[in-house]
Amino acid sequence: MGITEGAAAGTGADVRIEPSADVDERAVIGPGSTVWHLAQVREHAEIGAECIIGRGAYVGPGVRLGDRVKLQNHALVYEPAVVEDGVFVGPAAVLTNDLYPRSVDPEGRLKRGDDWQARGVTLRRGCSIGGRAVVVAGVTVGRWALVAAGAVVHRDVPDFALVAGVPARRIKWVGRAGEPLEPAGDGLWRCPRTGERYAEADGLLSPLAEGGCDGPSA
């Protein structure tokens with residue numbers, strides 16, 4: 001099948017949407033972004049520039065994606081998630097939005113939208129979520145953090161942390177390049193690829209100014 005240019009209302013220049021994708025006319029998609037086969041982008045979703053929405057991926061109503069975000073095949077991003085610039089969401093990863101899910105209420109009636117309150121996941125700039133990982137409703141994953149494949153994340157993840165397991169726990173620190181950092185003595189860490197240095201204090205990691213990174217999150 002061919003690719004349609006700017007097929008949804010509110011799309012920017014050079015947007016590519018596969019005909020089999022379901023993109024609501026009220027969604028907004030930034031320039032240079034691509035929505036692949038069988039993906040669904042719901043009403044009022046906002047997708048930034050140069051994003052890739054993979055085959056079968058789902059973007060819920062009102063979800064906000066920054067620029068250069070990659071949602072791999074069958075990734076599910078439920079509302080009201082916020083995904084900042086440069087985030088990677090691996091294949092079949094799920095960002096949930098209900099802490100206490102039920103199909104019916106205590107009286108056995110089918111639950112509707114007004115019967116519960118959605119709590120979105122927040123993915124901070126540059127972080128990555130591995131394939132088939134689950135991030136539980138309300139969790140924030142910090143900047144440049146890395147969630148290992150298959151992990152279940154039930155609490156906030158600090159900036160630059162590598163977390164793995166069920167439930168997920170920090171096992172290493174990673175730099176902006178995504179590789180585990182090497183200890184450099186006196187609470188300092190070094191990226192083996194870029195040479196950027198980081199300082200650890202009180203269980204948190206911050207890039208040193210001379211490394212050219214941003215300061216810690218507010």
# chains A, B, ... in the order shown; residues from 1 in each chain; ligands from 1
>>> residues_around(residues="A:Leu71", least_positions_apart="4", cutoff="10 Å", atoms="only C-alpha atoms", output="MDAnalysis selection string")
chainID A and resid 35 51:59 65 75:77 87:93 129
>>> closest_atom_pairs(of="stretch 131-180 of chain A", to="stretch 197-200 of chain A", cutoff="10 Å", atoms="only C-alpha atoms", output="CSV")
residue,atom,partner,partner_atom,distance
A:Phe160,CA,A:Tyr198,CA,9.6
A:Trp173,CA,A:Glu200,CA,9.6
A:Val174,CA,A:Tyr198,CA,9.8
A:Gly175,CA,A:Tyr198,CA,8.3
>>> residues_around(residues="A:Gly32", least_positions_apart="4", cutoff="7 Å", atoms="only C-alpha atoms", output="list of chain:residue names")
A:Ala13, A:Asp14, A:Val15, A:Ala49, A:Glu50
>>> select_by_dssp(residues="stretch 53-199 of chain A", states="strand (DSSP E or B)", output="compact mmCIF listing (two decimals) with all heavy atoms, in the first residue's frame")
# COMPACT_ATOMS: atom_id res chain seq x y z
N ILE A 53 5.57 6.18 14.63
CA ILE A 53 4.55 5.40 15.31
C ILE A 53 4.48 4.05 14.58
O ILE A 53 4.02 3.98 13.44
CB ILE A 53 3.17 6.11 15.27
CG1 ILE A 53 3.30 7.58 15.73
CG2 ILE A 53 2.17 5.35 16.12
CD1 ILE A 53 3.84 7.75 17.14
N TYR A 58 -0.57 2.04 19.55
CA TYR A 58 -1.79 2.74 19.98
C TYR A 58 -1.40 3.98 20.76
O TYR A 58 -0.59 3.92 21.71
CB TYR A 58 -2.64 1.83 20.85
CG TYR A 58 -3.87 2.50 21.44
CD1 TYR A 58 -5.02 2.68 20.68
CD2 TYR A 58 -3.86 2.98 22.75
CE1 TYR A 58 -6.14 3.30 21.21
CE2 TYR A 58 -4.97 3.60 23.29
CZ TYR A 58 -6.11 3.76 22.52
OH TYR A 58 -7.22 4.38 23.05
N VAL A 59 -1.99 5.13 20.39
CA VAL A 59 -1.79 6.40 21.08
C VAL A 59 -3.17 6.88 21.53
O VAL A 59 -4.02 7.20 20.71
CB VAL A 59 -1.12 7.44 20.17
CG1 VAL A 59 -0.91 8.75 20.93
CG2 VAL A 59 0.21 6.91 19.64
N ARG A 64 0.23 13.07 24.75
CA ARG A 64 1.16 14.04 24.17
C ARG A 64 2.53 13.41 23.99
O ARG A 64 3.14 12.94 24.95
CB ARG A 64 1.26 15.29 25.05
CG ARG A 64 -0.02 16.12 25.05
CD ARG A 64 0.17 17.42 25.79
NE ARG A 64 0.31 17.19 27.23
CZ ARG A 64 1.17 17.84 28.02
NH1 ARG A 64 2.01 18.72 27.52
NH2 ARG A 64 1.20 17.57 29.31
N LEU A 65 3.01 13.41 22.76
CA LEU A 65 4.36 12.94 22.43
C LEU A 65 5.19 14.13 21.97
O LEU A 65 4.73 14.94 21.16
CB LEU A 65 4.33 11.90 21.32
CG LEU A 65 3.42 10.67 21.47
CD1 LEU A 65 3.65 9.73 20.29
CD2 LEU A 65 3.67 9.96 22.78
N LYS A 70 10.03 7.53 19.31
CA LYS A 70 9.82 6.28 18.58
C LYS A 70 8.93 5.36 19.41
O LYS A 70 9.29 4.96 20.51
CB LYS A 70 11.14 5.58 18.30
CG LYS A 70 12.00 6.24 17.25
CD LYS A 70 13.23 5.39 16.94
CE LYS A 70 14.07 6.01 15.83
NZ LYS A 70 15.24 5.14 15.51
N LEU A 71 7.76 5.03 18.87
CA LEU A 71 6.92 3.98 19.43
C LEU A 71 7.07 2.77 18.51
O LEU A 71 6.63 2.80 17.36
CB LEU A 71 5.45 4.39 19.48
CG LEU A 71 5.05 5.61 20.31
CD1 LEU A 71 3.53 5.72 20.37
CD2 LEU A 71 5.62 5.53 21.72
N LEU A 76 1.72 0.33 23.38
CA LEU A 76 0.41 0.85 23.78
C LEU A 76 0.61 1.98 24.78
O LEU A 76 1.13 1.77 25.88
CB LEU A 76 -0.43 -0.27 24.41
CG LEU A 76 -0.58 -1.55 23.58
CD1 LEU A 76 -1.40 -2.57 24.36
CD2 LEU A 76 -1.22 -1.25 22.23
N VAL A 77 0.18 3.17 24.40
CA VAL A 77 0.36 4.37 25.23
C VAL A 77 -1.02 4.91 25.58
O VAL A 77 -1.69 5.53 24.74
CB VAL A 77 1.21 5.43 24.51
CG1 VAL A 77 1.39 6.67 25.39
CG2 VAL A 77 2.56 4.84 24.11
N VAL A 82 2.24 11.42 29.09
CA VAL A 82 3.07 12.50 28.52
C VAL A 82 4.44 11.90 28.23
O VAL A 82 5.10 11.35 29.12
CB VAL A 82 3.20 13.69 29.48
CG1 VAL A 82 4.16 14.73 28.92
CG2 VAL A 82 1.84 14.31 29.75
N VAL A 83 4.86 12.01 26.98
CA VAL A 83 6.13 11.44 26.53
C VAL A 83 6.97 12.58 25.96
O VAL A 83 6.59 13.19 24.96
CB VAL A 83 5.88 10.35 25.46
CG1 VAL A 83 7.20 9.78 24.97
CG2 VAL A 83 4.99 9.24 26.03
N PHE A 88 12.20 6.55 23.57
CA PHE A 88 12.04 5.30 22.83
C PHE A 88 11.14 4.37 23.63
O PHE A 88 11.39 4.13 24.82
CB PHE A 88 13.40 4.64 22.63
CG PHE A 88 13.35 3.27 21.99
CD1 PHE A 88 13.46 3.13 20.62
CD2 PHE A 88 13.20 2.12 22.77
CE1 PHE A 88 13.42 1.87 20.03
CE2 PHE A 88 13.16 0.87 22.18
CZ PHE A 88 13.27 0.74 20.81
N VAL A 89 10.08 3.87 23.00
CA VAL A 89 9.18 2.90 23.63
C VAL A 89 9.23 1.63 22.79
O VAL A 89 8.83 1.62 21.63
CB VAL A 89 7.74 3.44 23.74
CG1 VAL A 89 6.85 2.41 24.42
CG2 VAL A 89 7.72 4.75 24.52
N VAL A 94 3.88 -1.37 27.33
CA VAL A 94 2.58 -0.84 27.70
C VAL A 94 2.73 0.22 28.78
O VAL A 94 3.38 -0.01 29.81
CB VAL A 94 1.64 -1.95 28.23
CG1 VAL A 94 0.26 -1.39 28.53
CG2 VAL A 94 1.54 -3.10 27.23
N LEU A 95 2.13 1.38 28.54
CA LEU A 95 2.01 2.43 29.56
C LEU A 95 0.57 2.42 30.03
O LEU A 95 -0.34 2.83 29.30
CB LEU A 95 2.38 3.80 28.99
CG LEU A 95 3.68 3.91 28.19
CD1 LEU A 95 3.93 5.38 27.82
CD2 LEU A 95 4.86 3.34 28.95
N VAL A 104 -16.16 -4.29 35.80
CA VAL A 104 -17.47 -3.97 36.36
C VAL A 104 -17.30 -3.34 37.73
O VAL A 104 -16.27 -3.47 38.38
CB VAL A 104 -18.36 -5.23 36.47
CG1 VAL A 104 -18.65 -5.79 35.09
CG2 VAL A 104 -17.70 -6.29 37.35
N LEU A 110 -21.28 -2.71 34.07
CA LEU A 110 -20.11 -2.39 33.26
C LEU A 110 -19.62 -0.99 33.60
O LEU A 110 -20.39 -0.02 33.59
CB LEU A 110 -20.47 -2.47 31.78
CG LEU A 110 -19.31 -2.22 30.80
CD1 LEU A 110 -18.28 -3.34 30.89
CD2 LEU A 110 -19.85 -2.10 29.38
N THR A 122 4.43 9.29 32.85
CA THR A 122 5.26 10.37 32.31
C THR A 122 6.64 9.81 31.98
O THR A 122 7.30 9.24 32.85
CB THR A 122 5.40 11.53 33.30
OG1 THR A 122 4.11 12.07 33.60
CG2 THR A 122 6.27 12.65 32.73
N LEU A 123 7.05 9.97 30.74
CA LEU A 123 8.38 9.56 30.31
C LEU A 123 9.20 10.81 30.00
O LEU A 123 8.89 11.55 29.07
CB LEU A 123 8.30 8.66 29.07
CG LEU A 123 7.45 7.39 29.21
CD1 LEU A 123 7.53 6.57 27.92
CD2 LEU A 123 7.86 6.55 30.41
N SER A 128 14.33 5.40 27.70
CA SER A 128 13.98 4.28 26.84
C SER A 128 13.26 3.21 27.63
O SER A 128 13.65 2.89 28.76
CB SER A 128 15.23 3.67 26.20
OG SER A 128 15.87 4.58 25.32
N ILE A 129 12.22 2.65 27.01
CA ILE A 129 11.43 1.58 27.62
C ILE A 129 11.63 0.33 26.76
O ILE A 129 11.30 0.33 25.57
CB ILE A 129 9.94 1.94 27.68
CG1 ILE A 129 9.73 3.34 28.29
CG2 ILE A 129 9.17 0.88 28.45
CD1 ILE A 129 10.25 3.49 29.71
N VAL A 134 6.27 -3.08 31.17
CA VAL A 134 5.01 -2.47 31.60
C VAL A 134 5.34 -1.37 32.59
O VAL A 134 6.06 -1.60 33.58
CB VAL A 134 4.07 -3.50 32.26
CG1 VAL A 134 2.82 -2.82 32.79
CG2 VAL A 134 3.70 -4.60 31.27
N VAL A 135 4.84 -0.17 32.32
CA VAL A 135 5.00 0.95 33.24
C VAL A 135 3.63 1.26 33.82
O VAL A 135 2.68 1.57 33.09
CB VAL A 135 5.58 2.19 32.55
CG1 VAL A 135 5.86 3.30 33.57
CG2 VAL A 135 6.88 1.83 31.81
N THR A 140 6.61 7.98 36.89
CA THR A 140 7.46 8.85 36.08
C THR A 140 8.80 8.15 35.87
O THR A 140 9.43 7.73 36.84
CB THR A 140 7.69 10.20 36.75
OG1 THR A 140 6.44 10.91 36.82
CG2 THR A 140 8.68 11.05 35.96
N VAL A 141 9.23 8.04 34.62
CA VAL A 141 10.56 7.52 34.30
C VAL A 141 11.44 8.71 33.96
O VAL A 141 11.12 9.50 33.07
CB VAL A 141 10.49 6.53 33.12
CG1 VAL A 141 11.90 6.04 32.75
CG2 VAL A 141 9.60 5.34 33.48
N LEU A 146 16.78 3.97 31.58
CA LEU A 146 16.61 2.82 30.70
C LEU A 146 15.86 1.73 31.46
O LEU A 146 16.33 1.27 32.50
CB LEU A 146 17.96 2.30 30.21
CG LEU A 146 17.98 1.05 29.34
CD1 LEU A 146 17.15 1.24 28.09
CD2 LEU A 146 19.42 0.68 28.98
N VAL A 147 14.70 1.34 30.95
CA VAL A 147 13.91 0.26 31.53
C VAL A 147 14.16 -0.99 30.70
O VAL A 147 13.93 -1.00 29.49
CB VAL A 147 12.42 0.61 31.53
CG1 VAL A 147 11.58 -0.58 32.00
CG2 VAL A 147 12.16 1.83 32.42
N VAL A 152 8.65 -4.69 35.00
CA VAL A 152 7.40 -4.11 35.45
C VAL A 152 7.74 -2.99 36.42
O VAL A 152 8.27 -3.23 37.51
CB VAL A 152 6.50 -5.16 36.13
CG1 VAL A 152 5.24 -4.49 36.68
CG2 VAL A 152 6.11 -6.26 35.16
N VAL A 153 7.46 -1.76 36.00
CA VAL A 153 7.88 -0.57 36.75
C VAL A 153 6.68 -0.05 37.53
O VAL A 153 5.71 0.43 36.94
CB VAL A 153 8.41 0.51 35.79
CG1 VAL A 153 8.92 1.71 36.58
CG2 VAL A 153 9.51 -0.06 34.91
N VAL A 157 11.30 6.15 38.45
CA VAL A 157 12.67 5.78 38.09
C VAL A 157 13.51 7.05 38.02
O VAL A 157 13.15 7.99 37.32
CB VAL A 157 12.70 5.06 36.73
CG1 VAL A 157 14.13 4.75 36.30
CG2 VAL A 157 11.87 3.78 36.79
N ALA A 161 18.95 6.08 35.51
CA ALA A 161 18.95 4.75 36.13
C ALA A 161 18.63 3.67 35.10
O ALA A 161 17.81 3.86 34.21
CB ALA A 161 17.93 4.71 37.26
N LEU A 162 19.28 2.52 35.23
CA LEU A 162 18.92 1.32 34.50
C LEU A 162 18.18 0.40 35.47
O LEU A 162 18.75 -0.02 36.49
CB LEU A 162 20.17 0.62 33.96
CG LEU A 162 19.99 -0.81 33.43
CD1 LEU A 162 18.95 -0.87 32.33
CD2 LEU A 162 21.33 -1.37 32.94
N VAL A 163 16.92 0.14 35.17
CA VAL A 163 16.12 -0.71 36.05
C VAL A 163 15.71 -1.97 35.30
O VAL A 163 15.49 -1.95 34.09
CB VAL A 163 14.87 0.02 36.59
CG1 VAL A 163 15.27 1.25 37.40
CG2 VAL A 163 13.92 0.42 35.45
N ALA A 164 15.60 -3.09 36.04
CA ALA A 164 15.25 -4.37 35.44
C ALA A 164 14.52 -5.21 36.47
O ALA A 164 14.64 -5.00 37.68
CB ALA A 164 16.51 -5.09 34.95
N ARG A 169 14.00 -2.85 39.63
CA ARG A 169 14.93 -2.22 40.59
C ARG A 169 16.14 -1.71 39.83
O ARG A 169 16.51 -2.27 38.80
CB ARG A 169 15.37 -3.23 41.65
CG ARG A 169 14.25 -3.70 42.56
CD ARG A 169 14.78 -4.69 43.59
NE ARG A 169 13.77 -5.05 44.57
CZ ARG A 169 12.85 -6.00 44.40
NH1 ARG A 169 12.84 -6.68 43.26
NH2 ARG A 169 11.98 -6.28 45.34
N ARG A 170 16.77 -0.67 40.38
CA ARG A 170 17.96 -0.13 39.72
C ARG A 170 19.11 -1.11 39.86
O ARG A 170 19.42 -1.56 40.97
CB ARG A 170 18.35 1.23 40.30
CG ARG A 170 19.48 1.90 39.49
CD ARG A 170 19.93 3.21 40.10
NE ARG A 170 20.70 3.02 41.31
CZ ARG A 170 22.00 2.69 41.34
NH1 ARG A 170 22.67 2.51 40.21
NH2 ARG A 170 22.61 2.56 42.48
N ILE A 171 19.75 -1.41 38.73
CA ILE A 171 20.91 -2.30 38.76
C ILE A 171 22.18 -1.61 38.30
O ILE A 171 23.28 -2.08 38.60
CB ILE A 171 20.65 -3.56 37.92
CG1 ILE A 171 20.34 -3.20 36.46
CG2 ILE A 171 19.51 -4.39 38.50
CD1 ILE A 171 20.27 -4.42 35.53
N LYS A 172 22.05 -0.52 37.56
CA LYS A 172 23.22 0.23 37.09
C LYS A 172 22.81 1.68 36.84
O LYS A 172 21.63 2.03 36.94
CB LYS A 172 23.78 -0.35 35.78
CG LYS A 172 24.37 -1.75 35.88
CD LYS A 172 24.89 -2.23 34.53
CE LYS A 172 25.44 -3.65 34.60
NZ LYS A 172 26.66 -3.73 35.41
N TRP A 173 23.82 2.49 36.51
CA TRP A 173 23.58 3.82 35.96
C TRP A 173 23.93 3.78 34.48
O TRP A 173 24.83 3.05 34.05
CB TRP A 173 24.46 4.88 36.63
CG TRP A 173 24.18 5.14 38.07
CD1 TRP A 173 25.01 4.89 39.13
CD2 TRP A 173 23.01 5.75 38.64
NE1 TRP A 173 24.43 5.28 40.30
CE2 TRP A 173 23.20 5.81 40.04
CE3 TRP A 173 21.82 6.21 38.10
CZ2 TRP A 173 22.26 6.35 40.90
CZ3 TRP A 173 20.87 6.75 38.96
CH2 TRP A 173 21.08 6.81 40.34
N VAL A 174 23.23 4.59 33.68
CA VAL A 174 23.54 4.71 32.26
C VAL A 174 23.68 6.19 31.90
O VAL A 174 23.11 7.07 32.55
CB VAL A 174 22.45 4.08 31.36
CG1 VAL A 174 22.42 2.58 31.53
CG2 VAL A 174 21.09 4.68 31.65
N PRO A 180 26.00 1.35 30.09
CA PRO A 180 26.28 1.43 31.54
C PRO A 180 27.53 2.26 31.81
O PRO A 180 28.53 2.18 31.09
CB PRO A 180 26.49 -0.04 31.93
CG PRO A 180 25.70 -0.81 30.91
CD PRO A 180 25.85 -0.05 29.63
N GLU A 182 30.87 3.61 33.93
CA GLU A 182 31.97 2.99 34.66
C GLU A 182 32.34 3.86 35.86
O GLU A 182 32.36 5.09 35.75
CB GLU A 182 33.19 2.86 33.74
CG GLU A 182 32.93 1.98 32.52
CD GLU A 182 34.09 1.99 31.55
OE1 GLU A 182 34.93 2.94 31.63
OE2 GLU A 182 34.16 1.09 30.69
N PRO A 183 32.63 3.23 37.01
CA PRO A 183 33.02 4.03 38.18
C PRO A 183 34.34 4.75 37.92
O PRO A 183 35.27 4.21 37.35
CB PRO A 183 33.15 2.99 39.30
CG PRO A 183 33.35 1.69 38.60
CD PRO A 183 32.62 1.78 37.30
N ALA A 184 34.38 6.02 38.37
CA ALA A 184 35.59 6.83 38.20
C ALA A 184 36.14 7.31 39.53
O ALA A 184 37.00 8.19 39.56
CB ALA A 184 35.30 8.03 37.29
N GLY A 185 35.65 6.75 40.65
CA GLY A 185 36.16 7.10 41.96
C GLY A 185 35.51 8.33 42.56
O GLY A 185 35.04 9.22 41.84
N LEU A 188 32.08 9.48 41.35
CA LEU A 188 31.99 9.90 39.95
C LEU A 188 31.83 8.69 39.05
O LEU A 188 32.30 7.59 39.36
CB LEU A 188 33.23 10.69 39.55
CG LEU A 188 33.49 12.00 40.32
CD1 LEU A 188 34.77 12.64 39.82
CD2 LEU A 188 32.31 12.95 40.19
N TRP A 189 31.18 8.92 37.92
CA TRP A 189 30.96 7.89 36.92
C TRP A 189 31.29 8.45 35.55
O TRP A 189 31.18 9.65 35.31
CB TRP A 189 29.50 7.41 36.95
CG TRP A 189 29.12 6.76 38.23
CD1 TRP A 189 28.73 7.38 39.39
CD2 TRP A 189 29.11 5.36 38.50
NE1 TRP A 189 28.48 6.44 40.36
CE2 TRP A 189 28.69 5.20 39.84
CE3 TRP A 189 29.39 4.22 37.73
CZ2 TRP A 189 28.57 3.94 40.43
CZ3 TRP A 189 29.27 2.97 38.31
CH2 TRP A 189 28.86 2.85 39.66
N ARG A 190 31.69 7.56 34.63
CA ARG A 190 32.13 7.98 33.30
C ARG A 190 31.47 7.11 32.24
O ARG A 190 31.37 5.89 32.40
CB ARG A 190 33.64 7.88 33.18
CG ARG A 190 34.21 8.26 31.82
CD ARG A 190 35.72 8.07 31.80
NE ARG A 190 36.25 8.39 30.49
CZ ARG A 190 36.26 7.56 29.45
NH1 ARG A 190 35.75 6.34 29.57
NH2 ARG A 190 36.77 7.94 28.30
N ARG A 197 31.02 12.72 32.15
CA ARG A 197 31.15 12.32 33.55
C ARG A 197 29.92 12.73 34.34
O ARG A 197 29.26 13.73 34.02
CB ARG A 197 32.41 12.92 34.16
CG ARG A 197 33.70 12.42 33.53
CD ARG A 197 34.90 12.74 34.39
NE ARG A 197 35.01 14.16 34.64
CZ ARG A 197 35.73 14.70 35.64
NH1 ARG A 197 36.36 13.92 36.49
NH2 ARG A 197 35.80 16.00 35.79
N TYR A 198 29.64 11.97 35.38
CA TYR A 198 28.45 12.15 36.21
C TYR A 198 28.85 12.01 37.67
O TYR A 198 29.82 11.31 38.01
CB TYR A 198 27.40 11.10 35.86
CG TYR A 198 26.96 11.10 34.42
CD1 TYR A 198 27.76 10.53 33.42
CD2 TYR A 198 25.75 11.67 34.04
CE1 TYR A 198 27.35 10.54 32.09
CE2 TYR A 198 25.34 11.68 32.71
CZ TYR A 198 26.14 11.11 31.75
OH TYR A 198 25.74 11.11 30.44
N ALA A 199 28.08 12.65 38.53
CA ALA A 199 28.32 12.58 39.97
C ALA A 199 27.12 11.97 40.66
O ALA A 199 25.97 12.35 40.38
CB ALA A 199 28.61 13.98 40.53
>>> select_by_dssp(residues="stretch 60-213 of chain A", states="helix (DSSP H, G or I)", output="list in words")
Gly113, Asp114, Asp115, Ala209, Glu210 and Gly211 of chain A
>>> write_last_selection(atoms="N, CA and C atoms", output="short mmCIF file (atom, residue, chain, number, x, y, z; two decimals), in the first residue's frame")
data_model
loop_
_atom_site.label_atom_id
_atom_site.label_comp_id
_atom_site.auth_asym_id
_atom_site.auth_seq_id
_atom_site.Cartn_x
_atom_site.Cartn_y
_atom_site.Cartn_z
N GLY A 113 -16.46 5.46 31.41
CA GLY A 113 -15.37 6.41 31.59
C GLY A 113 -15.49 7.27 32.83
N ASP A 114 -16.71 7.57 33.25
CA ASP A 114 -16.90 8.43 34.42
C ASP A 114 -16.77 7.66 35.74
N ASP A 115 -16.56 6.35 35.68
CA ASP A 115 -16.51 5.54 36.89
C ASP A 115 -15.11 5.39 37.46
N ALA A 209 28.90 19.62 34.71
CA ALA A 209 28.70 20.71 33.75
C ALA A 209 29.62 20.56 32.56
N GLU A 210 30.88 20.13 32.80
CA GLU A 210 31.82 20.06 31.69
C GLU A 210 31.49 18.96 30.72
N GLY A 211 30.54 18.06 31.10
CA GLY A 211 30.16 17.00 30.20
C GLY A 211 29.19 17.44 29.13
#
